[in-house]
file data_36.cif (mmCIF, C-alpha atoms and all ligand atoms)
data_coords
#
loop_
_atom_site.label_atom_id
_atom_site.label_comp_id
_atom_site.auth_asym_id
_atom_site.auth_seq_id
_atom_site.Cartn_x
_atom_site.Cartn_y
_atom_site.Cartn_z
CA MET A 30 -32.55 -10.96 27.17
CA LYS A 31 -29.69 -9.18 25.38
CA LYS A 32 -30.18 -8.93 21.63
CA PHE A 33 -27.19 -9.06 19.33
CA VAL A 34 -27.23 -7.41 15.94
CA SER A 35 -25.75 -9.58 13.19
CA SER A 36 -22.51 -8.53 11.47
CA THR A 37 -24.39 -8.59 8.16
CA GLN A 38 -26.95 -6.11 9.52
CA SER A 39 -24.74 -3.52 11.22
CA VAL A 40 -21.07 -3.17 12.14
CA PRO A 41 -20.39 -4.68 15.57
CA ASP A 42 -17.93 -3.14 18.04
CA SER A 43 -14.49 -4.71 17.89
CA SER A 44 -12.62 -5.29 21.12
CA ALA A 45 -9.06 -6.40 21.78
CA VAL A 46 -10.12 -9.66 23.36
CA PRO A 47 -12.56 -11.64 21.20
CA ARG A 48 -15.91 -11.76 22.95
CA HIS A 49 -16.83 -15.08 21.38
CA VAL A 50 -14.35 -17.81 20.45
CA ALA A 51 -15.65 -20.91 18.64
CA ILE A 52 -13.41 -23.97 18.31
CA ILE A 53 -13.41 -27.13 16.21
CA MET A 54 -11.41 -29.41 18.47
CA ASP A 55 -9.84 -31.71 15.89
CA GLY A 56 -6.94 -34.14 16.00
CA ASN A 57 -7.64 -36.36 19.01
CA GLY A 58 -7.43 -39.55 16.94
CA ARG A 59 -4.13 -38.60 15.30
CA TRP A 60 -2.69 -37.55 18.66
CA ALA A 61 -3.44 -41.07 19.98
CA ARG A 62 -2.31 -42.90 16.86
CA SER A 63 1.07 -41.18 16.88
CA ARG A 64 1.56 -42.62 20.37
CA LEU A 65 0.29 -46.07 19.36
CA LEU A 66 -2.69 -45.58 21.67
CA PRO A 67 -6.37 -46.31 20.94
CA ARG A 68 -8.32 -43.31 19.56
CA ILE A 69 -10.32 -43.02 22.75
CA ALA A 70 -7.11 -42.17 24.66
CA GLY A 71 -6.91 -39.10 22.42
CA HIS A 72 -10.50 -38.16 23.24
CA LYS A 73 -9.71 -38.45 26.96
CA ARG A 74 -6.75 -36.11 26.61
CA GLY A 75 -8.95 -33.88 24.48
CA GLY A 76 -11.34 -33.59 27.43
CA GLU A 77 -8.49 -32.43 29.63
CA ALA A 78 -7.57 -29.81 27.04
CA VAL A 79 -11.15 -28.50 27.18
CA ARG A 80 -10.85 -27.97 30.95
CA ALA A 81 -7.63 -25.99 30.54
CA ILE A 82 -9.00 -23.85 27.70
CA VAL A 83 -12.21 -23.05 29.60
CA ARG A 84 -10.12 -21.81 32.53
CA ALA A 85 -7.80 -19.82 30.25
CA ALA A 86 -10.73 -18.28 28.34
CA ALA A 87 -12.38 -17.11 31.57
CA GLU A 88 -9.10 -15.62 32.81
CA ARG A 89 -8.65 -13.71 29.56
CA GLY A 90 -12.11 -12.14 29.74
CA ILE A 91 -13.61 -14.06 26.82
CA GLU A 92 -17.39 -13.98 27.32
CA TYR A 93 -18.48 -16.88 25.12
CA LEU A 94 -16.57 -20.06 24.36
CA THR A 95 -18.18 -22.57 22.02
CA VAL A 96 -16.63 -25.96 21.34
CA PHE A 97 -17.63 -28.55 18.76
CA ALA A 98 -17.65 -31.87 20.59
CA PHE A 99 -19.69 -34.10 18.28
CA SER A 100 -21.05 -33.32 14.84
CA SER A 101 -24.24 -34.62 13.30
CA GLU A 102 -21.95 -36.55 10.91
CA ASN A 103 -19.86 -38.16 13.67
CA TRP A 104 -22.52 -40.91 14.04
CA ARG A 105 -20.83 -42.36 10.94
CA ARG A 106 -17.84 -43.41 13.06
CA PRO A 107 -17.42 -47.01 14.25
CA ALA A 108 -20.11 -47.88 16.81
CA GLU A 109 -17.50 -48.55 19.47
CA GLU A 110 -15.94 -45.09 19.15
CA VAL A 111 -19.38 -43.42 19.23
CA SER A 112 -20.33 -45.35 22.34
CA LEU A 113 -17.06 -44.50 24.12
CA LEU A 114 -17.50 -40.82 23.18
CA MET A 115 -21.01 -40.89 24.71
CA GLN A 116 -19.57 -42.45 27.87
CA LEU A 117 -16.95 -39.69 28.07
CA PHE A 118 -19.62 -37.02 27.58
CA LEU A 119 -21.73 -38.59 30.34
CA ASN A 120 -18.75 -38.71 32.73
CA ALA A 121 -17.86 -35.10 31.97
CA LEU A 122 -21.44 -33.98 32.66
CA GLN A 123 -21.40 -35.84 35.98
CA GLN A 124 -18.00 -34.60 37.06
CA GLU A 125 -17.42 -31.12 35.65
CA VAL A 126 -20.66 -29.15 35.84
CA ARG A 127 -20.37 -28.40 39.55
CA GLU A 128 -16.91 -26.96 39.11
CA LEU A 129 -18.08 -24.83 36.19
CA HIS A 130 -20.81 -23.49 38.46
CA GLU A 131 -18.39 -22.75 41.28
CA ASN A 132 -16.35 -20.72 38.81
CA GLY A 133 -19.31 -18.64 37.66
CA ILE A 134 -19.47 -20.30 34.25
CA ARG A 135 -22.74 -20.72 32.43
CA PHE A 136 -23.11 -24.07 30.69
CA ARG A 137 -25.18 -24.67 27.58
CA VAL A 138 -25.53 -27.33 24.92
CA VAL A 139 -26.59 -26.74 21.31
CA GLY A 140 -27.50 -29.49 18.88
CA ASP A 141 -30.20 -32.10 18.44
CA VAL A 142 -29.95 -33.75 21.86
CA SER A 143 -33.03 -35.92 21.22
CA ARG A 144 -30.75 -38.63 19.85
CA PHE A 145 -28.78 -38.93 23.11
CA ASP A 146 -29.54 -41.28 26.04
CA ARG A 147 -32.12 -39.97 28.47
CA LYS A 148 -29.50 -39.82 31.23
CA ILE A 149 -27.35 -37.46 29.15
CA VAL A 150 -30.35 -35.26 28.29
CA GLU A 151 -31.31 -35.03 31.98
CA LEU A 152 -27.78 -34.06 33.01
CA ILE A 153 -27.65 -31.40 30.27
CA GLU A 154 -30.94 -29.91 31.45
CA ALA A 155 -29.86 -29.98 35.10
CA GLY A 156 -26.51 -28.35 34.25
CA GLU A 157 -28.13 -25.62 32.17
CA GLN A 158 -30.57 -24.87 34.97
CA LEU A 159 -27.96 -24.89 37.72
CA THR A 160 -25.70 -22.42 35.89
CA ALA A 161 -28.41 -20.28 34.25
CA SER A 162 -27.65 -17.08 36.15
CA ASN A 163 -23.84 -17.26 35.91
CA GLN A 164 -22.27 -14.27 34.17
CA ARG A 165 -18.54 -14.86 33.88
CA LEU A 166 -18.22 -17.00 30.74
CA THR A 167 -20.80 -18.92 28.75
CA LEU A 168 -19.42 -22.31 27.71
CA THR A 169 -21.44 -23.87 24.90
CA ILE A 170 -20.90 -27.48 23.90
CA ALA A 171 -22.06 -28.25 20.36
CA ALA A 172 -23.18 -31.89 20.50
CA ASN A 173 -24.95 -33.67 17.67
CA TYR A 174 -24.78 -30.23 16.11
CA GLY A 175 -24.83 -29.38 12.40
CA GLY A 176 -24.94 -25.90 10.92
CA ARG A 177 -27.51 -26.92 8.32
CA TRP A 178 -29.68 -28.62 10.95
CA ASP A 179 -29.57 -25.36 12.91
CA VAL A 180 -30.83 -23.24 10.01
CA VAL A 181 -33.57 -25.75 9.19
CA GLN A 182 -34.80 -26.08 12.78
CA ALA A 183 -34.82 -22.28 13.10
CA MET A 184 -36.85 -21.97 9.91
CA GLN A 185 -39.30 -24.64 11.04
CA ARG A 186 -39.91 -22.98 14.40
CA LEU A 187 -40.21 -19.53 12.87
CA LEU A 188 -42.77 -20.65 10.31
CA ALA A 189 -44.73 -22.65 12.90
CA GLU A 190 -44.99 -19.59 15.14
CA GLN A 191 -45.33 -16.89 12.49
CA PRO A 192 -46.57 -18.49 9.24
CA GLN A 193 -47.51 -15.04 7.88
CA ARG A 194 -43.80 -14.08 7.72
CA ALA A 195 -42.98 -16.64 4.99
CA ALA A 196 -43.51 -14.19 2.13
CA GLU A 197 -41.29 -11.41 3.51
CA LEU A 198 -38.68 -13.26 5.53
CA ALA A 199 -35.60 -11.23 6.53
CA GLU A 200 -32.30 -12.32 8.10
CA ALA A 201 -33.20 -10.68 11.40
CA ASP A 202 -36.39 -12.75 11.63
CA LEU A 203 -34.47 -16.00 11.63
CA ALA A 204 -31.73 -15.01 14.09
CA PRO A 205 -33.78 -15.42 17.31
CA TYR A 206 -34.59 -19.01 16.38
CA LEU A 207 -31.00 -20.13 15.76
CA SER A 208 -29.65 -22.24 18.59
CA MET A 209 -26.97 -19.68 19.54
CA HIS A 210 -29.36 -16.70 19.59
CA TYR A 211 -28.08 -15.84 23.10
CA ALA A 212 -24.54 -15.04 21.94
CA PRO A 213 -22.94 -12.55 19.57
CA GLU A 214 -21.50 -14.17 16.44
CA PRO A 215 -18.01 -15.65 16.92
CA ASP A 216 -15.22 -13.10 16.56
CA LEU A 217 -12.55 -15.78 16.37
CA PHE A 218 -12.94 -19.28 14.97
CA ILE A 219 -10.16 -21.77 15.70
CA ARG A 220 -9.68 -25.19 14.12
CA THR A 221 -6.91 -27.40 15.41
CA GLY A 222 -5.57 -30.52 13.70
CA GLY A 223 -4.49 -29.01 10.39
CA GLU A 224 -7.66 -29.28 8.30
CA GLN A 225 -9.00 -26.07 6.81
CA ARG A 226 -12.73 -26.70 6.66
CA ILE A 227 -15.89 -25.84 8.59
CA SER A 228 -17.29 -29.41 8.77
CA ASN A 229 -20.89 -28.17 9.16
CA PHE A 230 -20.15 -26.14 12.33
CA LEU A 231 -21.81 -22.71 12.82
CA LEU A 232 -22.50 -21.91 9.16
CA TRP A 233 -24.75 -18.89 9.65
CA GLN A 234 -22.85 -17.36 12.55
CA LEU A 235 -19.35 -17.59 11.01
CA ALA A 236 -20.26 -15.15 8.21
CA TYR A 237 -17.72 -12.53 9.41
CA SER A 238 -15.60 -14.43 11.92
CA GLU A 239 -11.82 -14.42 11.67
CA LEU A 240 -10.75 -17.96 10.76
CA TYR A 241 -7.63 -19.36 12.43
CA PHE A 242 -6.22 -22.76 11.55
CA THR A 243 -3.38 -24.49 13.36
CA ASP A 244 -1.65 -27.84 12.86
CA THR A 245 -1.53 -28.33 16.65
CA LEU A 246 -3.59 -31.38 17.57
CA TRP A 247 -6.38 -30.63 20.05
CA PRO A 248 -4.89 -32.54 23.04
CA ASP A 249 -1.76 -30.34 22.68
CA PHE A 250 -3.71 -27.05 22.45
CA ASP A 251 -3.06 -25.15 25.69
CA ALA A 252 -3.35 -21.63 27.14
CA ARG A 253 -0.19 -20.55 25.30
CA ALA A 254 -1.61 -21.76 22.01
CA LEU A 255 -4.82 -19.84 22.75
CA ASP A 256 -2.76 -16.71 23.34
CA VAL A 257 -1.05 -17.17 19.95
CA ALA A 258 -4.48 -17.39 18.30
CA ILE A 259 -5.68 -14.26 20.14
CA GLN A 260 -2.54 -12.36 19.11
CA TRP A 261 -3.16 -13.39 15.50
CA TYR A 262 -6.77 -12.17 15.86
CA GLN A 263 -5.57 -8.82 17.18
CA GLN A 264 -3.54 -8.26 13.99
CA ARG A 265 -6.60 -8.62 11.74
CA GLU A 266 -8.40 -5.63 10.36
CA ARG A 267 -12.11 -6.41 10.58
CA ARG A 268 -13.72 -4.46 7.76
CA PHE A 269 -17.23 -5.96 7.63
CA GLY A 270 -17.51 -4.91 4.01
CA ARG A 271 -16.06 -1.41 4.38
CA THR A 272 -12.73 -0.08 3.08
CA SER A 273 -9.55 0.04 5.08
CA GLU A 274 -9.70 3.87 5.09
CA GLN A 275 -13.18 3.85 6.61
CA VAL A 276 -12.00 1.49 9.33
CA ALA A 277 -9.02 3.73 10.13
CA GLU A 278 -11.25 6.82 10.27
CA GLN A 279 -13.67 5.13 12.65
CA ARG A 280 -10.76 4.06 14.85
CA GLY A 281 -9.51 7.66 14.90
CA ARG A 282 -12.94 8.95 15.92
CA ALA A 283 -13.25 6.39 18.71
CA LYS A 284 -9.81 7.38 20.01
CA ALA A 285 -10.65 11.11 19.91
CA SER A 286 -13.90 10.66 21.83
CA LYS A 287 -12.07 8.64 24.48
CA THR A 288 -9.47 11.42 24.88
CA VAL A 289 -12.24 14.00 25.43
CA VAL A 290 -14.01 11.87 28.02
CA GLY A 291 -10.74 11.12 29.79
CA GLY A 292 -9.84 14.86 29.87
C1 LIG A 301 -11.98 -34.58 17.13
O1 LIG A 301 -10.90 -35.43 16.95
C2 LIG A 301 -12.97 -35.13 18.12
C3 LIG A 301 -14.25 -35.58 17.52
C4 LIG A 301 -14.60 -35.42 16.28
C5 LIG A 301 -15.17 -36.23 18.42
P1 LIG A 301 -10.94 -36.58 15.86
O2 LIG A 301 -11.46 -37.80 16.50
O3 LIG A 301 -11.65 -36.14 14.65
O4 LIG A 301 -9.39 -36.75 15.55
P2 LIG A 301 -8.72 -37.07 14.14
O5 LIG A 301 -9.19 -36.01 13.19
O6 LIG A 301 -9.17 -38.43 13.76
O7 LIG A 301 -7.25 -36.98 14.42
C1 LIG A 302 -15.32 -31.97 13.26
O1 LIG A 302 -14.26 -32.89 13.29
C2 LIG A 302 -16.27 -32.26 14.37
C3 LIG A 302 -15.75 -32.13 15.73
C4 LIG A 302 -14.58 -31.67 16.10
C5 LIG A 302 -16.66 -32.54 16.76
P1 LIG A 302 -14.22 -34.13 12.30
O2 LIG A 302 -12.91 -34.77 12.51
O3 LIG A 302 -15.42 -34.96 12.47
O4 LIG A 302 -14.28 -33.42 10.87
P2 LIG A 302 -14.02 -34.00 9.42
O5 LIG A 302 -14.96 -35.14 9.23
O6 LIG A 302 -12.60 -34.44 9.35
O7 LIG A 302 -14.30 -32.85 8.52
MG MG A 303 -11.08 -35.25 12.91
#

call {"tool": "encode", "arguments": {"input": "data_36.cif", "output": "structure tokens", "more": "lines below"}}
Ligand code: IPE
Ligand code: IPE
Ligand code: MG
result
Amino acid sequence: MKKFVSSTQSVPDSSAVPRHVAIIMDGNGRWARSRLLPRIAGHKRGGEAVRAIVRAAAERGIEYLTVFAFSSENWRRPAEEVSLLMQLFLNALQQEVRELHENGIRFRVVGDVSRFDRKIVELIEAGEQLTASNQRLTLTIAANYGGRWDVVQAMQRLLAEQPQRAAELAEADLAPYLSMHYAPEPDLFIRTGGEQRISNFLLWQLAYSELYFTDTLWPDFDARALDVAIQWYQQRERRFGRTSEQVAEQRGRAKASKTVVGG
């Protein structure tokens, strides 16, 4: 399996198109309320937006797309909304996984799925197996996910397997146990719906991500809106702790070596 070095350990390569985009899809409820519709109507439209963004991400050469569908805190919502969200998730698993597979998309779920119905867990496992060798885009759904849960479960598994490491634990020891160990850290983080917070999403992995916030509500977020976010990302100077001059020098060196290779 590919191993990714963390941005706090060494400087990752930057590319024009973000390799990994992670999204907090927020604003479904407000989208519905502004149309005098029940909240669940917003979640349904939100599901359609996911389909469109998955397609657009694959077309743009993004390698990893991670979307926050249900947080470990979302159980606090009214029971009826939680139950309708579970129903929507179940329907999506039944209806969409085949098409993902036909499009070469790998499907994965991160989060504590043990709290979901058995039927949902079975469909997740089947979908992950079916799409396991797909290479085009890895779509990760974060469901009953919490960033703090992720760090704690990683620590528990690490210490169960390698108790002798406790005294000299390093960042790189923990990384393989985090639930998104198979992906590089997000280059671009997007949150729709106007709030500027992380809401317990990928806490560890967002250490050096570029953070993009938009007032657009998730059901209205489309391929054009994704392009605006990518263009914003492309204007950022990713320094990873270094100075601007060092970054410019490195860019110059990379350009020069390309010119030599190209003749
Ligand atoms: C995000 O939309 C979807 C989930 C959290 C499941 P919200 O449901 O949070 O929408 P708002 O924030 O109430 O508008
Ligand atoms: C974050 O949205 C979780 C998901 C999008 C699944 P919330 O709407 O639950 O976040 P808060 O509670 O407003 O921070
Ligand atoms: Mg919200």

call {"tool": "residues_near_ligand", "arguments": {"input": "data_36.cif", "ligand": "ligand LIG 301 (chain A)", "cutoff": "6 Å", "atoms": "all atoms listed in the file", "output": "PDB file with C-alpha atoms, keeping the file's coordinate frame"}}
result
ATOM      1  CA  MET A  54     -11.410 -29.410  18.470  1.00  0.00           C
ATOM      2  CA  ASP A  55      -9.840 -31.710  15.890  1.00  0.00           C
ATOM      3  CA  GLY A  56      -6.940 -34.140  16.000  1.00  0.00           C
ATOM      4  CA  ASN A  57      -7.640 -36.360  19.010  1.00  0.00           C
ATOM      5  CA  GLY A  58      -7.430 -39.550  16.940  1.00  0.00           C
ATOM      6  CA  ARG A  59      -4.130 -38.600  15.300  1.00  0.00           C
ATOM      7  CA  ALA A  98     -17.650 -31.870  20.590  1.00  0.00           C
ATOM      8  CA  PHE A  99     -19.690 -34.100  18.280  1.00  0.00           C
TER       9      PHE A  99
END

call {"tool": "closest_residue", "arguments": {"input": "data_36.cif", "among": "A:Val139, A:Ala155, A:Ala212, A:Leu188", "to": "Ser101 of chain A", "atoms": "all atoms listed in the file"}}
result
A:Val139

call {"tool": "atom_distance", "arguments": {"input": "data_36.cif", "atom1": "atom CA of Arg80 of chain A", "atom2": "atom CA of Glu125 of chain A"}}
result
8.7 Å

call {"tool": "residues_near_ligand", "arguments": {"input": "data_36.cif", "ligand": "ligand LIG 302 (chain A)", "cutoff": "10 Å", "atoms": "all atoms listed in the file", "output": "PDB file with C-alpha atoms, keeping the file's coordinate frame"}}
result
ATOM      1  CA  ILE A  52     -13.410 -23.970  18.310  1.00  0.00           C
ATOM      2  CA  ILE A  53     -13.410 -27.130  16.210  1.00  0.00           C
ATOM      3  CA  MET A  54     -11.410 -29.410  18.470  1.00  0.00           C
ATOM      4  CA  ASP A  55      -9.840 -31.710  15.890  1.00  0.00           C
ATOM      5  CA  GLY A  56      -6.940 -34.140  16.000  1.00  0.00           C
ATOM      6  CA  ASN A  57      -7.640 -36.360  19.010  1.00  0.00           C
ATOM      7  CA  GLY A  58      -7.430 -39.550  16.940  1.00  0.00           C
ATOM      8  CA  ARG A  59      -4.130 -38.600  15.300  1.00  0.00           C
ATOM      9  CA  VAL A  96     -16.630 -25.960  21.340  1.00  0.00           C
ATOM     10  CA  PHE A  97     -17.630 -28.550  18.760  1.00  0.00           C
ATOM     11  CA  ALA A  98     -17.650 -31.870  20.590  1.00  0.00           C
ATOM     12  CA  PHE A  99     -19.690 -34.100  18.280  1.00  0.00           C
ATOM     13  CA  SER A 100     -21.050 -33.320  14.840  1.00  0.00           C
ATOM     14  CA  SER A 101     -24.240 -34.620  13.300  1.00  0.00           C
ATOM     15  CA  GLU A 102     -21.950 -36.550  10.910  1.00  0.00           C
ATOM     16  CA  ASN A 103     -19.860 -38.160  13.670  1.00  0.00           C
ATOM     17  CA  TRP A 104     -22.520 -40.910  14.040  1.00  0.00           C
ATOM     18  CA  ARG A 105     -20.830 -42.360  10.940  1.00  0.00           C
ATOM     19  CA  ARG A 106     -17.840 -43.410  13.060  1.00  0.00           C
ATOM     20  CA  ILE A 170     -20.900 -27.480  23.900  1.00  0.00           C
ATOM     21  CA  ALA A 171     -22.060 -28.250  20.360  1.00  0.00           C
ATOM     22  CA  ALA A 172     -23.180 -31.890  20.500  1.00  0.00           C
ATOM     23  CA  ASN A 173     -24.950 -33.670  17.670  1.00  0.00           C
ATOM     24  CA  TYR A 174     -24.780 -30.230  16.110  1.00  0.00           C
ATOM     25  CA  GLY A 175     -24.830 -29.380  12.400  1.00  0.00           C
ATOM     26  CA  ARG A 220      -9.680 -25.190  14.120  1.00  0.00           C
ATOM     27  CA  THR A 221      -6.910 -27.400  15.410  1.00  0.00           C
ATOM     28  CA  GLY A 222      -5.570 -30.520  13.700  1.00  0.00           C
ATOM     29  CA  GLY A 223      -4.490 -29.010  10.390  1.00  0.00           C
ATOM     30  CA  GLU A 224      -7.660 -29.280   8.300  1.00  0.00           C
ATOM     31  CA  GLN A 225      -9.000 -26.070   6.810  1.00  0.00           C
ATOM     32  CA  ARG A 226     -12.730 -26.700   6.660  1.00  0.00           C
ATOM     33  CA  ILE A 227     -15.890 -25.840   8.590  1.00  0.00           C
ATOM     34  CA  SER A 228     -17.290 -29.410   8.770  1.00  0.00           C
ATOM     35  CA  ASN A 229     -20.890 -28.170   9.160  1.00  0.00           C
ATOM     36  CA  PHE A 230     -20.150 -26.140  12.330  1.00  0.00           C
ATOM     37  CA  TRP A 247      -6.380 -30.630  20.050  1.00  0.00           C
TER      38      TRP A 247
END

call {"tool": "atom_distance", "arguments": {"input": "data_36.cif", "atom1": "atom CA of Val79 of chain A", "atom2": "atom CA of Thr160 of chain A"}}
result
18.0 Å

call {"tool": "atom_distance", "arguments": {"input": "data_36.cif", "atom1": "atom CA of Phe118 of chain A", "atom2": "atom CA of Ser143 of chain A"}}
result
14.9 Å

call {"tool": "closest_residue", "arguments": {"input": "data_36.cif", "among": "A:Ala189, A:Ala283, A:Met184, A:Leu168", "to": "Ala87 of chain A", "atoms": "all atoms listed in the file"}}
result
A:Leu168

call {"tool": "closest_residue", "arguments": {"input": "data_36.cif", "among": "A:Val138, A:Ala196, A:Leu117, A:Arg177", "to": "Gly76 of chain A", "atoms": "all atoms listed in the file"}}
result
A:Leu117

call {"tool": "closest_residue", "arguments": {"input": "data_36.cif", "among": "A:Asp249, A:Glu92, A:Glu77, A:Glu131", "to": "Val46 of chain A", "atoms": "all atoms listed in the file"}}
result
A:Glu92

call {"tool": "axis_aligned_box", "arguments": {"input": "data_36.cif", "around": "segment 118-135 of chain A", "padding_each_side": "4 Å", "output": "JSON"}}
result
{"center_x": -19.5, "center_y": -28.7, "center_z": 34.4, "size_x": 14.4, "size_y": 28.1, "size_z": 21.7}

call {"tool": "closest_residue", "arguments": {"input": "data_36.cif", "among": "A:Arg194, A:His72, A:Arg84, A:Arg271", "to": "ligand MG 303 (chain A)", "atoms": "all atoms listed in the file"}}
result
A:His72

call {"tool": "decode", "arguments": {"input": "data_36.cif", "residues": "segment 44-52 of chain A", "atoms": "all heavy atoms", "output": "PDB file, in the first residue's frame"}}
result
ATOM      1  N   SER A  44       0.469  20.278  -6.217  1.00  0.00           N
ATOM      2  CA  SER A  44       0.089  20.189  -7.629  1.00  0.00           C
ATOM      3  C   SER A  44      -1.033  21.187  -7.873  1.00  0.00           C
ATOM      4  O   SER A  44      -1.667  21.670  -6.944  1.00  0.00           O
ATOM      5  CB  SER A  44      -0.356  18.771  -7.955  1.00  0.00           C
ATOM      6  OG  SER A  44      -1.372  18.387  -7.066  1.00  0.00           O
ATOM      7  N   ALA A  45      -1.273  21.483  -9.142  1.00  0.00           N
ATOM      8  CA  ALA A  45      -2.272  22.500  -9.486  1.00  0.00           C
ATOM      9  C   ALA A  45      -3.663  22.068  -9.039  1.00  0.00           C
ATOM     10  O   ALA A  45      -4.420  22.850  -8.472  1.00  0.00           O
ATOM     11  CB  ALA A  45      -2.238  22.751 -10.979  1.00  0.00           C
ATOM     12  N   VAL A  46      -3.984  20.812  -9.304  1.00  0.00           N
ATOM     13  CA  VAL A  46      -5.283  20.306  -8.881  1.00  0.00           C
ATOM     14  C   VAL A  46      -5.099  19.651  -7.512  1.00  0.00           C
ATOM     15  O   VAL A  46      -4.199  18.827  -7.349  1.00  0.00           O
ATOM     16  CB  VAL A  46      -5.821  19.262  -9.899  1.00  0.00           C
ATOM     17  CG1 VAL A  46      -7.126  18.653  -9.416  1.00  0.00           C
ATOM     18  CG2 VAL A  46      -5.993  19.901 -11.260  1.00  0.00           C
ATOM     19  N   PRO A  47      -5.901  20.024  -6.521  1.00  0.00           N
ATOM     20  CA  PRO A  47      -5.729  19.386  -5.212  1.00  0.00           C
ATOM     21  C   PRO A  47      -5.928  17.882  -5.334  1.00  0.00           C
ATOM     22  O   PRO A  47      -6.859  17.431  -5.988  1.00  0.00           O
ATOM     23  CB  PRO A  47      -6.823  20.035  -4.354  1.00  0.00           C
ATOM     24  CG  PRO A  47      -7.779  20.666  -5.320  1.00  0.00           C
ATOM     25  CD  PRO A  47      -7.005  20.976  -6.556  1.00  0.00           C
ATOM     26  N   ARG A  48      -5.020  17.121  -4.738  1.00  0.00           N
ATOM     27  CA  ARG A  48      -5.172  15.660  -4.819  1.00  0.00           C
ATOM     28  C   ARG A  48      -6.325  15.199  -3.960  1.00  0.00           C
ATOM     29  O   ARG A  48      -7.019  14.251  -4.269  1.00  0.00           O
ATOM     30  CB  ARG A  48      -3.896  14.980  -4.290  1.00  0.00           C
ATOM     31  CG  ARG A  48      -2.744  15.044  -5.217  1.00  0.00           C
ATOM     32  CD  ARG A  48      -1.551  14.371  -4.570  1.00  0.00           C
ATOM     33  NE  ARG A  48      -1.633  12.931  -4.725  1.00  0.00           N
ATOM     34  CZ  ARG A  48      -0.768  12.083  -4.169  1.00  0.00           C
ATOM     35  NH1 ARG A  48       0.211  12.536  -3.414  1.00  0.00           N
ATOM     36  NH2 ARG A  48      -0.890  10.794  -4.378  1.00  0.00           N
ATOM     37  N   HIS A  49      -6.471  15.854  -2.794  1.00  0.00           N
ATOM     38  CA  HIS A  49      -7.494  15.429  -1.838  1.00  0.00           C
ATOM     39  C   HIS A  49      -8.332  16.639  -1.438  1.00  0.00           C
ATOM     40  O   HIS A  49      -7.797  17.615  -0.925  1.00  0.00           O
ATOM     41  CB  HIS A  49      -6.800  14.802  -0.619  1.00  0.00           C
ATOM     42  CG  HIS A  49      -7.751  14.244   0.402  1.00  0.00           C
ATOM     43  ND1 HIS A  49      -7.327  13.597   1.543  1.00  0.00           N
ATOM     44  CD2 HIS A  49      -9.115  14.237   0.469  1.00  0.00           C
ATOM     45  CE1 HIS A  49      -8.378  13.204   2.249  1.00  0.00           C
ATOM     46  NE2 HIS A  49      -9.480  13.595   1.628  1.00  0.00           N
ATOM     47  N   VAL A  50      -9.624  16.558  -1.699  1.00  0.00           N
ATOM     48  CA  VAL A  50     -10.565  17.607  -1.297  1.00  0.00           C
ATOM     49  C   VAL A  50     -11.494  17.022  -0.240  1.00  0.00           C
ATOM     50  O   VAL A  50     -12.059  15.939  -0.426  1.00  0.00           O
ATOM     51  CB  VAL A  50     -11.388  18.109  -2.510  1.00  0.00           C
ATOM     52  CG1 VAL A  50     -12.426  19.138  -2.067  1.00  0.00           C
ATOM     53  CG2 VAL A  50     -10.476  18.697  -3.580  1.00  0.00           C
ATOM     54  N   ALA A  51     -11.621  17.705   0.894  1.00  0.00           N
ATOM     55  CA  ALA A  51     -12.497  17.242   1.976  1.00  0.00           C
ATOM     56  C   ALA A  51     -13.574  18.293   2.216  1.00  0.00           C
ATOM     57  O   ALA A  51     -13.265  19.484   2.315  1.00  0.00           O
ATOM     58  CB  ALA A  51     -11.678  17.015   3.250  1.00  0.00           C
ATOM     59  N   ILE A  52     -14.819  17.869   2.269  1.00  0.00           N
ATOM     60  CA  ILE A  52     -15.937  18.831   2.308  1.00  0.00           C
ATOM     61  C   ILE A  52     -16.866  18.605   3.490  1.00  0.00           C
ATOM     62  O   ILE A  52     -17.320  17.473   3.731  1.00  0.00           O
ATOM     63  CB  ILE A  52     -16.778  18.742   1.007  1.00  0.00           C
ATOM     64  CG1 ILE A  52     -15.895  18.851  -0.241  1.00  0.00           C
ATOM     65  CG2 ILE A  52     -17.860  19.826   1.002  1.00  0.00           C
ATOM     66  CD1 ILE A  52     -16.662  18.833  -1.557  1.00  0.00           C
TER      67      ILE A  52
END
